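Structure file final_25.txt with compact mmCIF, C-alpha atoms and all ligand atoms:
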```txt
# COMPACT_ATOMS: atom_id res chain seq x y z
CA MET G 13 -6.95 12.20 8.50
CA MET G 14 -3.50 10.80 8.72
CA TRP G 15 -1.11 11.45 5.87
CA ARG G 16 0.40 8.27 4.57
CA TRP G 17 3.64 8.40 2.67
CA GLN G 18 2.03 7.12 -0.52
CA HIS G 19 -0.41 10.05 -0.64
CA TRP G 20 2.26 12.66 -1.14
CA MET G 21 3.39 10.83 -4.25
CA VAL G 22 0.30 11.96 -6.14
CA VAL G 23 0.93 15.55 -5.10
CA LEU G 24 4.56 15.33 -6.07
CA LEU G 25 3.72 13.64 -9.37
CA VAL G 26 1.40 16.48 -10.32
CA THR G 27 3.92 19.11 -9.22
CA VAL G 28 6.80 17.55 -11.08
CA ALA G 29 4.70 17.00 -14.18
CA ALA G 30 3.71 20.65 -14.15
CA VAL G 31 7.25 21.98 -13.95
CA SER G 32 9.07 19.55 -16.15
CA GLY G 33 6.59 18.17 -18.65
CA ASN G 34 6.49 14.71 -17.09
CA ASN G 35 10.23 14.38 -17.03
CA TYR G 36 11.46 13.03 -13.72
CA GLU G 37 15.17 13.54 -14.38
CA GLY G 38 15.31 16.27 -11.77
CA LEU G 39 14.48 13.66 -9.15
CA ALA G 40 17.17 11.15 -10.14
CA GLY G 41 18.89 9.87 -7.02
CA HIS G 42 16.35 11.43 -4.68
CA GLN G 43 15.24 8.99 -2.02
CA ILE G 44 12.29 8.60 0.28
CA TRP G 45 13.12 7.72 3.86
CA SER G 46 10.76 6.82 6.63
CA LEU G 47 11.39 7.59 10.30
CA GLU G 48 9.11 5.87 12.71
CA SER G 49 10.43 7.07 16.02
CA GLU G 50 8.65 9.84 17.82
CA LEU G 51 12.02 10.96 19.16
CA ALA G 52 13.27 11.73 15.66
CA VAL G 53 10.48 14.16 14.85
CA GLU G 54 12.09 17.25 16.33
CA LEU G 55 15.43 16.72 14.62
CA VAL G 56 13.77 16.02 11.27
CA ASP G 57 11.81 19.22 11.51
CA GLN G 58 15.01 21.11 12.31
CA LEU G 59 16.77 19.58 9.29
CA GLN G 60 13.85 20.60 7.15
CA ALA G 61 14.11 24.15 8.47
CA GLN G 62 17.75 24.09 7.38
CA GLY G 63 16.71 22.98 3.89
CA LEU G 64 18.46 19.61 4.14
CA LEU G 65 15.38 17.51 3.52
CA ASP G 66 11.73 17.69 2.64
CA VAL G 67 8.97 16.27 4.84
CA VAL G 68 6.53 14.78 2.37
CA ALA G 69 4.18 12.93 4.70
CA HIS G 70 3.71 12.74 8.41
CA THR G 71 1.65 11.58 11.31
CA GLU G 72 2.03 12.94 14.80
CA ARG G 73 4.84 10.50 15.50
CA THR G 74 6.38 9.68 12.15
CA ARG G 75 7.98 11.52 9.28
CA THR G 76 8.44 10.57 5.63
CA VAL G 77 11.11 12.65 3.98
CA ARG G 78 12.63 13.25 0.57
CA VAL G 79 16.40 13.47 0.59
CA THR G 80 18.48 14.77 -2.29
CA PRO G 81 21.77 13.06 -3.28
CA GLU G 82 23.89 16.04 -2.22
CA PHE G 83 22.55 16.08 1.35
CA ALA G 84 21.96 12.36 1.86
CA SER G 85 25.17 11.58 3.70
CA LEU G 86 24.93 14.71 5.84
CA VAL G 87 21.36 13.91 6.86
CA GLN G 88 22.33 10.31 7.54
CA LYS G 89 25.17 11.49 9.77
CA GLU G 90 22.87 13.79 11.70
CA LEU G 91 20.26 11.08 12.21
CA HIS G 92 22.69 8.35 13.17
CA GLY G 93 24.59 10.76 15.39
CA ALA G 94 21.41 11.30 17.36
CA GLY G 95 20.70 7.55 17.43
CA HIS G 96 17.78 7.54 14.98
CA ASN G 97 17.23 4.84 12.38
CA TYR G 98 15.37 5.21 9.13
CA SER G 99 14.27 2.95 6.31
CA VAL G 100 14.58 3.73 2.63
CA LYS G 101 11.14 3.51 1.04
CA VAL G 102 12.13 4.61 -2.45
CA GLU G 103 15.68 4.16 -3.73
CA ASP G 104 15.43 6.41 -6.75
CA LEU G 105 12.45 8.66 -7.07
CA ALA G 106 12.83 9.33 -10.78
CA LYS G 107 12.81 5.63 -11.62
CA HIS G 108 10.01 4.98 -9.18
CA LEU G 109 7.72 7.63 -10.63
CA GLN G 110 8.50 6.59 -14.18
CA LYS G 111 7.64 3.00 -13.34
CA GLU G 112 4.35 4.02 -11.79
CA LYS G 113 3.53 6.07 -14.83
CA ASP G 114 4.43 3.24 -17.20
CA GLU G 115 2.27 0.85 -15.24
CA LYS G 116 -0.69 3.18 -15.41
CA THR G 117 -0.24 3.74 -19.14
CA ARG G 118 -0.01 0.03 -19.77
CA GLN G 119 -3.14 -0.61 -17.79
CA ILE G 120 -5.13 2.08 -19.53
CA HIS G 121 -4.09 0.88 -22.97
CA ARG G 122 -4.69 -2.75 -22.33
CA ALA G 123 -8.21 -3.84 -23.08
CA GLU G 124 -9.15 -6.27 -20.35
CA SER G 125 -12.42 -7.97 -19.95
CA CYS G 126 -13.80 -10.94 -18.13
CA THR G 127 -17.27 -12.16 -18.98
CA ALA G 128 -19.17 -15.42 -18.63
CA THR G 129 -18.25 -16.37 -22.18
CA SER G 130 -14.70 -15.01 -22.34
CA CYS G 131 -12.22 -14.54 -19.54
CA PRO G 132 -8.83 -15.41 -21.05
CA PHE G 133 -6.68 -13.99 -18.24
CA PRO G 134 -7.09 -12.74 -14.69
CA LEU G 135 -7.63 -8.99 -14.55
CA THR G 136 -4.70 -6.77 -13.70
CA TYR G 137 -6.37 -3.37 -13.49
CA SER G 138 -9.09 -4.29 -11.03
CA TYR G 139 -9.86 -6.88 -8.41
CA MET G 140 -12.02 -9.73 -9.64
CA THR G 141 -15.35 -10.73 -8.19
CA PHE G 142 -15.70 -14.37 -7.18
CA GLN G 143 -17.87 -14.92 -10.24
CA GLN G 144 -15.19 -13.52 -12.52
CA MET G 145 -12.64 -15.83 -10.88
CA GLU G 146 -14.86 -18.78 -11.73
CA TRP G 147 -15.18 -17.59 -15.32
CA TYR G 148 -11.41 -17.38 -15.61
CA LEU G 149 -10.93 -20.84 -14.06
CA LYS G 150 -13.46 -22.30 -16.47
CA GLU G 151 -11.41 -20.99 -19.37
CA LEU G 152 -8.14 -22.08 -17.78
CA ALA G 153 -9.46 -25.64 -17.48
CA LYS G 154 -9.51 -25.93 -21.29
CA ASN G 155 -5.73 -26.17 -21.11
CA PRO G 156 -4.63 -29.81 -21.32
CA TRP G 157 -1.89 -29.29 -18.72
CA VAL G 158 -4.21 -27.86 -16.16
CA GLU G 159 -6.83 -29.54 -14.07
CA VAL G 160 -9.39 -27.38 -12.25
CA ARG G 161 -11.32 -29.27 -9.63
CA SER G 162 -13.70 -28.39 -6.82
CA ILE G 163 -12.26 -29.82 -3.59
CA GLY G 164 -15.36 -29.07 -1.56
CA ARG G 165 -17.97 -26.47 -0.85
CA SER G 166 -18.12 -23.56 1.55
CA ILE G 167 -20.65 -23.16 4.31
CA LEU G 168 -22.89 -21.18 1.91
CA ASP G 169 -22.36 -23.82 -0.78
CA ARG G 170 -19.81 -22.16 -3.04
CA ASP G 171 -17.10 -24.21 -4.71
CA ILE G 172 -13.54 -24.18 -3.41
CA TRP G 173 -11.47 -24.56 -6.55
CA MET G 174 -8.08 -26.18 -6.80
CA VAL G 175 -5.88 -25.72 -9.85
CA HIS G 176 -3.33 -28.40 -10.67
CA ILE G 177 -0.70 -27.31 -13.18
CA LYS G 178 0.73 -30.64 -14.17
CA SER G 179 4.38 -31.54 -14.41
CA GLY G 180 5.84 -33.03 -17.55
CA GLU G 181 8.07 -32.60 -20.56
CA CYS G 182 7.92 -29.38 -22.53
CA LYS G 183 7.86 -31.51 -25.63
CA GLY G 184 4.53 -31.20 -27.32
CA ARG G 185 3.64 -28.06 -25.44
CA LYS G 186 5.75 -25.84 -27.62
CA GLU G 187 2.95 -24.97 -29.99
CA LEU G 188 0.94 -23.55 -27.17
CA TYR G 189 3.79 -22.15 -25.15
CA PRO G 190 6.89 -20.95 -26.92
CA ASN G 191 9.10 -21.03 -23.82
CA ARG G 192 11.80 -23.62 -24.34
CA CYS G 193 13.29 -25.79 -21.66
CA ARG G 194 16.43 -27.70 -22.40
CA ARG G 195 16.49 -29.78 -19.26
CA ARG G 196 14.96 -33.21 -19.25
CA ALA G 197 12.00 -33.67 -16.98
CA SER G 198 12.51 -35.60 -13.78
CA SER G 199 10.85 -38.99 -13.46
CA LYS G 200 9.63 -38.12 -9.98
CA PRO G 201 8.47 -34.52 -9.91
CA MET G 202 7.98 -32.64 -6.68
CA ALA G 203 4.83 -30.93 -5.55
CA VAL G 204 4.15 -27.46 -4.20
CA TRP G 205 0.97 -26.13 -2.62
CA LEU G 206 -0.08 -22.50 -2.82
CA GLU G 207 -3.05 -21.15 -0.88
CA GLY G 208 -4.76 -17.82 -1.52
CA GLY G 209 -7.73 -15.95 -0.16
CA ILE G 210 -8.27 -17.63 3.21
CA HIS G 211 -8.77 -14.17 4.75
CA ALA G 212 -11.55 -12.41 2.87
CA ARG G 213 -10.41 -8.79 3.06
CA GLU G 214 -6.89 -9.49 1.81
CA TRP G 215 -7.91 -9.00 -1.82
CA ILE G 216 -4.38 -8.83 -3.14
CA SER G 217 -3.87 -12.49 -2.09
CA PRO G 218 -6.28 -14.12 -4.60
CA ALA G 219 -5.35 -11.48 -7.19
CA VAL G 220 -1.65 -12.38 -7.00
CA THR G 221 -2.41 -16.09 -6.75
CA LEU G 222 -4.46 -15.97 -9.97
CA GLN G 223 -1.69 -14.10 -11.77
CA LEU G 224 0.78 -16.75 -10.59
CA ILE G 225 -1.46 -19.50 -11.95
CA HIS G 226 -1.65 -17.71 -15.27
CA GLN G 227 2.08 -17.12 -15.57
CA ILE G 228 3.14 -20.57 -14.37
CA THR G 229 0.73 -22.25 -16.78
CA LYS G 230 2.39 -20.40 -19.65
CA ASP G 231 5.91 -21.45 -18.67
CA CYS G 232 6.36 -25.17 -19.09
CA CYS G 233 9.97 -24.95 -17.96
CA VAL G 234 8.82 -24.02 -14.45
CA THR G 235 6.52 -27.00 -14.15
CA GLN G 236 8.65 -29.56 -15.91
CA ASP G 237 9.72 -31.04 -12.58
CA LEU G 238 6.95 -29.68 -10.43
CA ASP G 239 3.31 -30.36 -9.83
CA VAL G 240 1.90 -27.03 -8.79
CA TYR G 241 -1.34 -27.11 -6.79
CA VAL G 242 -3.05 -23.81 -6.14
CA VAL G 243 -6.22 -22.83 -4.31
CA PRO G 244 -6.70 -19.21 -5.33
CA MET G 245 -9.81 -18.61 -3.22
CA ALA G 246 -10.03 -20.62 0.00
CA ASN G 247 -12.82 -18.53 1.54
CA PRO G 248 -15.34 -17.67 -1.19
CA ASP G 249 -18.23 -16.75 1.15
CA GLY G 250 -16.13 -14.29 3.12
CA TYR G 251 -14.75 -12.81 -0.10
CA VAL G 252 -18.21 -12.28 -1.58
CA TYR G 253 -19.30 -10.68 1.71
CA SER G 254 -16.30 -8.34 1.59
CA TRP G 255 -17.59 -7.16 -1.79
CA THR G 256 -21.27 -6.88 -0.92
CA THR G 257 -21.35 -5.80 2.70
CA ASP G 258 -18.16 -5.33 4.68
CA ARG G 259 -14.92 -4.56 2.82
CA PHE G 260 -12.87 -5.51 5.89
CA TRP G 261 -14.51 -8.88 6.60
CA ARG G 262 -11.89 -11.51 7.46
CA LYS G 263 -13.54 -14.77 8.54
CA ASN G 264 -15.87 -17.22 6.80
CA ARG G 265 -19.66 -16.81 7.00
CA ARG G 266 -20.51 -19.37 9.71
CA SER G 267 -23.53 -18.36 11.74
CA ASN G 268 -22.30 -18.95 15.30
CA SER G 269 -24.96 -20.41 17.55
CA GLY G 270 -25.58 -18.43 20.72
CA SER G 271 -23.84 -15.35 19.35
CA THR G 272 -24.83 -12.35 17.32
CA CYS G 273 -21.41 -12.43 15.63
CA ASP G 274 -20.77 -14.48 12.53
CA GLY G 275 -17.69 -16.15 11.17
CA VAL G 276 -14.76 -18.37 12.07
CA ASP G 277 -11.17 -17.40 11.32
CA LEU G 278 -10.22 -20.21 8.92
CA ASN G 279 -6.55 -19.60 9.62
CA ARG G 280 -7.08 -20.51 13.29
CA ASN G 281 -9.19 -23.59 12.65
CA TRP G 282 -6.54 -26.18 11.68
CA ASP G 283 -5.76 -29.07 13.99
CA TYR G 284 -2.25 -28.39 15.15
CA HIS G 285 -1.95 -26.99 18.67
CA PHE G 286 -5.45 -25.69 18.11
CA GLY G 287 -6.36 -22.82 20.42
CA VAL G 288 -3.00 -21.25 21.31
CA GLY G 289 -3.03 -17.64 20.13
CA ALA G 290 -6.64 -17.77 18.96
CA SER G 291 -9.92 -16.70 20.50
CA ASP G 292 -12.92 -18.55 22.00
CA GLU G 293 -15.03 -15.48 21.45
CA PRO G 294 -17.17 -15.59 18.26
CA CYS G 295 -17.04 -11.81 17.95
CA SER G 296 -13.25 -11.86 17.73
CA GLN G 297 -11.51 -11.50 14.37
CA VAL G 298 -9.43 -14.55 15.32
CA TYR G 299 -12.27 -16.78 16.54
CA LYS G 300 -11.00 -20.34 16.19
CA GLY G 301 -14.39 -22.11 15.92
CA THR G 302 -15.99 -24.70 18.19
CA LYS G 303 -13.36 -27.32 17.41
CA ALA G 304 -10.48 -27.97 15.02
CA PHE G 305 -11.67 -28.42 11.45
CA SER G 306 -15.21 -27.39 12.38
CA GLU G 307 -15.49 -25.56 9.05
CA PRO G 308 -16.16 -27.09 5.62
CA GLU G 309 -13.55 -24.81 4.04
CA THR G 310 -10.68 -26.06 6.23
CA GLN G 311 -11.91 -29.65 5.86
CA ALA G 312 -11.78 -29.33 2.08
CA LEU G 313 -8.29 -27.81 2.13
CA ARG G 314 -7.04 -30.45 4.59
CA ASP G 315 -8.35 -33.37 2.53
CA ALA G 316 -6.89 -32.04 -0.72
CA MET G 317 -3.53 -31.36 0.92
CA LEU G 318 -3.47 -34.83 2.49
CA GLN G 319 -4.11 -36.31 -0.93
CA VAL G 320 -1.25 -34.37 -2.50
CA ALA G 321 1.08 -35.14 0.42
CA SER G 322 0.25 -38.85 0.31
CA LYS G 323 2.35 -39.11 -2.85
CA GLY G 324 5.34 -38.29 -0.69
CA ASN G 325 6.80 -35.41 -2.67
CA LEU G 326 5.20 -32.26 -1.24
CA LYS G 327 8.19 -30.00 -0.65
CA LEU G 328 6.82 -26.49 -0.34
CA MET G 329 3.70 -24.79 0.98
CA ILE G 330 3.03 -21.07 0.82
CA ALA G 331 -0.08 -19.30 2.09
CA PHE G 332 -0.60 -15.84 0.63
CA HIS G 333 -1.88 -13.12 2.93
CA SER G 334 -1.60 -9.38 3.27
CA TYR G 335 -0.13 -7.06 4.34
CA GLY G 336 3.37 -6.39 5.64
CA GLN G 337 5.86 -7.63 3.03
CA VAL G 338 7.20 -10.41 5.18
CA LEU G 339 7.91 -14.05 4.46
CA MET G 340 7.24 -15.97 7.66
CA TYR G 341 8.38 -19.43 8.58
CA PRO G 342 6.90 -21.56 11.40
CA TRP G 343 6.16 -22.05 14.13
CA GLY G 344 3.35 -19.66 14.88
CA TRP G 345 2.12 -21.50 17.97
CA THR G 346 5.41 -21.53 19.88
CA ALA G 347 8.64 -19.58 19.97
CA ASP G 348 10.59 -22.86 19.72
CA LYS G 349 12.52 -23.71 16.60
CA ALA G 350 10.76 -25.70 13.89
CA PRO G 351 12.58 -28.47 12.00
CA ASP G 352 14.52 -27.24 8.95
CA GLN G 353 14.53 -23.65 10.22
CA GLN G 354 17.92 -22.88 8.77
CA ASP G 355 16.94 -24.25 5.36
CA MET G 356 13.67 -22.33 5.40
CA VAL G 357 15.50 -19.09 6.19
CA ARG G 358 18.07 -19.71 3.47
CA LEU G 359 15.46 -20.46 0.82
CA GLY G 360 13.40 -17.51 2.01
CA LYS G 361 16.35 -15.22 1.43
CA SER G 362 16.62 -16.30 -2.18
CA PHE G 363 12.96 -15.40 -2.57
CA VAL G 364 13.57 -11.96 -1.06
CA MET G 365 16.55 -11.27 -3.28
CA LYS G 366 14.71 -12.05 -6.50
CA ALA G 367 11.48 -10.39 -5.42
CA LYS G 368 13.41 -7.18 -4.95
CA SER G 369 14.91 -7.15 -8.42
CA ASN G 370 11.84 -5.93 -10.35
CA TYR G 371 10.61 -2.94 -8.40
CA GLY G 372 12.93 -2.73 -5.43
CA THR G 373 10.23 -4.01 -3.08
CA HIS G 374 11.73 -5.26 0.12
CA TYR G 375 10.44 -8.37 1.88
CA ARG G 376 11.81 -9.59 5.19
CA VAL G 377 12.23 -13.22 6.23
CA ILE G 378 10.97 -13.57 9.78
CA ASN G 379 9.77 -16.13 12.27
CA ALA G 380 6.00 -16.14 12.77
CA ALA G 381 5.82 -16.44 16.56
CA ASN G 382 8.94 -14.53 17.56
CA ASP G 383 8.82 -11.69 15.08
CA PHE G 384 5.12 -11.35 14.24
CA TYR G 385 2.66 -12.70 16.76
CA PHE G 386 1.63 -16.00 18.28
CA ALA G 387 -1.04 -17.75 16.29
CA SER G 388 -2.15 -21.34 16.11
CA GLY G 389 -4.45 -23.41 13.97
CA SER G 390 -3.02 -21.95 10.79
CA THR G 391 -2.34 -23.67 7.48
CA ASP G 392 1.41 -23.22 7.79
CA ASP G 393 1.83 -24.81 11.24
CA TRP G 394 -0.42 -27.71 10.25
CA SER G 395 1.51 -28.23 7.03
CA LYS G 396 4.80 -28.28 8.91
CA GLY G 397 3.63 -30.21 11.98
CA VAL G 398 1.33 -32.80 10.42
CA LEU G 399 2.38 -33.12 6.79
CA LYS G 400 6.07 -32.52 7.65
CA THR G 401 6.46 -30.32 4.59
CA LYS G 402 10.06 -29.18 4.47
CA TYR G 403 9.57 -25.61 3.28
CA VAL G 404 6.57 -23.81 4.74
CA TYR G 405 5.79 -20.10 4.62
CA THR G 406 3.14 -17.48 5.02
CA LEU G 407 3.80 -14.61 2.68
CA GLU G 408 2.35 -11.25 3.67
CA LEU G 409 2.11 -9.41 0.36
CA ARG G 410 2.20 -5.64 -0.24
CA ASP G 411 2.19 -3.15 1.28
CA GLU G 412 3.79 -2.11 4.56
CA GLY G 413 0.67 -0.46 5.90
CA GLY G 414 0.13 2.69 3.89
CA HIS G 415 -2.96 1.25 2.25
CA GLY G 416 -3.07 -2.01 4.17
CA PHE G 417 -5.86 -4.34 3.11
CA ASP G 418 -7.25 -1.77 0.70
CA LEU G 419 -4.32 -1.88 -1.67
CA PRO G 420 -4.99 -0.09 -4.99
CA ALA G 421 -5.58 -2.44 -7.91
CA THR G 422 -2.67 -0.80 -9.75
CA LYS G 423 -0.42 -2.87 -7.47
CA ILE G 424 -1.77 -6.24 -8.63
CA LEU G 425 0.61 -6.55 -11.55
CA PRO G 426 3.85 -5.35 -9.91
CA ASN G 427 3.13 -7.35 -6.75
CA SER G 428 2.44 -10.47 -8.82
CA MET G 429 5.51 -10.08 -11.01
CA GLU G 430 7.90 -9.67 -8.11
CA VAL G 431 6.39 -12.65 -6.27
CA LEU G 432 6.64 -14.71 -9.45
CA ALA G 433 10.32 -13.82 -9.75
CA GLY G 434 10.92 -14.82 -6.12
CA LEU G 435 8.91 -17.98 -6.50
CA LYS G 436 10.76 -19.10 -9.62
CA ALA G 437 14.03 -18.77 -7.74
CA VAL G 438 12.60 -20.89 -4.93
CA PHE G 439 11.33 -23.53 -7.36
CA ARG G 440 14.71 -23.71 -9.08
CA LYS G 441 16.46 -24.15 -5.75
CA ILE G 442 14.29 -26.98 -4.53
CA ILE G 443 14.55 -28.78 -7.86
CA SER G 444 18.34 -28.47 -7.99
CA LYS G 445 18.58 -29.58 -4.35
CA LYS G 446 16.73 -32.73 -5.22
CA ARG G 447 19.10 -33.42 -8.11
CA THR G 448 22.13 -33.04 -5.87
CA THR G 449 20.64 -35.35 -3.28
CA ASN G 450 19.91 -37.98 -5.89
CA THR G 451 23.47 -37.89 -7.16
CA VAL G 452 24.79 -38.46 -3.66
CA VAL G 453 22.38 -41.29 -2.94
CA LEU G 454 23.03 -43.00 -6.25
ZN ZN G 501 -4.33 -13.05 6.52
```
Can you give me the file's structure in the form of structure tokens?
Amino acid sequence: MMWRWQHWMVVLLVTVAAVSGNNYEGLAGHQIWSLESELAVELVDQLQAQGLLDVVAHTERTRTVRVTPEFASLVQKELHGAGHNYSVKVEDLAKHLQKEKDEKTRQIHRAESCTATSCPFPLTYSYMTFQQMEWYLKELAKNPWVEVRSIGRSILDRDIWMVHIKSGECKGRKELYPNRCRRRASSKPMAVWLEGGIHAREWISPAVTLQLIHQITKDCCVTQDLDVYVVPMANPDGYVYSWTTDRFWRKNRRSNSGSTCDGVDLNRNWDYHFGVGASDEPCSQVYKGTKAFSEPETQALRDAMLQVASKGNLKLMIAFHSYGQVLMYPWGWTADKAPDQQDMVRLGKSFVMKAKSNYGTHYRVINAANDFYFASGSTDDWSKGVLKTKYVYTLELRDEGGHGFDLPATKILPNSMEVLAGLKAVFRKIISKKRTTNTVVL
């Protein structure tokens, strides 16, 4: 079994707790660095032999090391001198461990439950079943500022739910939500579209999306000038299957005629340069389907998005996926530049900056085709190419590969909170941009 860098943390946590009574002060300023070049392995092992660092996780070709403040610059010099790069995974180990401990304590002490008769908030200590999501949405719909509507049904006849958190003045909402907003609401609010759960195995995507819904609903200042549309679970059949049968199922549950393999990749099924960077082979994970929009799930999403876009104010679309911690802008189908690239990069950077402020999690802004891989028929390209949405992204949530799709549920809350922080910054920017534009035009 390969050692991932996260695994050593448990070992270290136990060790440190044993020697210092759960006090992490001794690790203040210690950092965790990751070296992913095979060529660096020998030098790292030598530095360890000299007592300059600690290898805390490794594979055959990589090393994860703990570096103390006193040797950090010396180790850096040695590594750079030999031409090796490293990335800092943990900035301050003491803070990091304390945060993890606090999170765990909070989760243990918080009584969470979600039943058919009471599901007041989306769970933070465990992933929700599709049924639990529906129970939560039913409760959410009681809120007068939220509309929950089925936009269509999946191939196995499950509802695809869309949540609309309505724009409007804070006035009158204060009793329910104490957050004040001093600005006056705009007469023509903008719209944003958030999509979660299109790939079944990426459980953190609907989990974060539901937390976002919950938090945004509570903060009327965020939605004063924005209509927020969210589909938290775009692929219910695949999600249910990933719970019952195959944890790593990705596609929908289409029974493909003439093949023993089921499923269409819903994020390759949209009608924009359909077929480039997608497979004709039903057994492939990226099988595009028999034709564009062959699937009821993509049809439902398309129709709802067209309806929102027809009002002329859809400014932002984000599809939540995992994993990789990257914010990708189009195109995915070609390496050519998409319209508004510079603006998308700039806005993406403000997301990254804010998302980092809570837990130090680093996201990178990259181009889908050039920096990730070619893919076509995805929600983001269609949104950019057909709807002409100005800001379009696919956000790959946590982590960077240590746990991959099987991210522990303890990460739901921190991942959601940092994305919320990033998202609020993005919302603020697009709202203030609109104001500036209006002033100039008027
Ligand atoms: Zn995905």
Which residues are near ligand ZN 501 (chain G) in this structure, taking near to mean any atom at most 9 Å from a ligand atom and counting all atoms listed in the file? Format them as a list of chain:residue names.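 Counting only what the definition allows, namely all atoms listed in the file, the set is G:Gly209, G:Ile210, G:His211, G:Ala212, G:Arg213, G:Glu214, G:Ser217, G:Arg262, G:Asn279, G:Ala331, G:Phe332, G:His333, G:Ser334, G:Tyr335, G:Thr406, G:Glu408.
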Could you work out an axis-aligned box for stretch 39-45 of chain G, taking every atom the file lists and adding 6 Å on each side, and report centre and edge lengths in Å to one decimal, as lines of an AutoDock Vina configuration file?
```
center_x = 15.6
center_y = 10.7
center_z = -3.1
size_x = 18.6
size_y = 17.9
size_z = 26.0
```
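Of the listed residues G:Ala321, G:Val252, G:Leu339, G:Cys295, the one whose atoms come nearest to G:Asp239 is G:Ala321, with distances taken using only C-alpha atoms.
The smallest atom-to-atom distance between G:Asn247 and any of G:Phe142, G:Trp157, G:Phe260, G:Tyr341, using all atoms listed in the file, is found for G:Phe142.
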If we count all atoms listed in the file and set the cut-off at 7 Å, which residues sit around stretch 362-375 of chain G, ignoring sequence neighbours fewer than 4 positions away in its own chain? Please answer as a list of chain:residue names.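 Near stretch 362-375 of chain G, the qualifying residues are G:Gln337, G:Val338, G:Leu339, G:Arg358, G:Glu430, G:Val431, G:Ala433, G:Gly434, G:Leu435, G:Ala437, G:Val438.
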Could you state the separation of atom CA of G:Ser296 and atom CA of G:Trp215 in Å, given to one decimal place? 20.5 Å
Record the distance separating atom CA of G:Gly164 and atom CA of G:Gly287, expressed in Å with one decimal. 24.6 Å
Using all atoms listed in the file, which residue out of G:Ser322, G:Gln43, G:Asn379, G:Thr346 lies closest to G:Val398? G:Ser322
Between atom CA of G:Asp274 and atom CA of G:Gly301 - distance in Å to one decimal: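 A separation of 10.5 Å between them.
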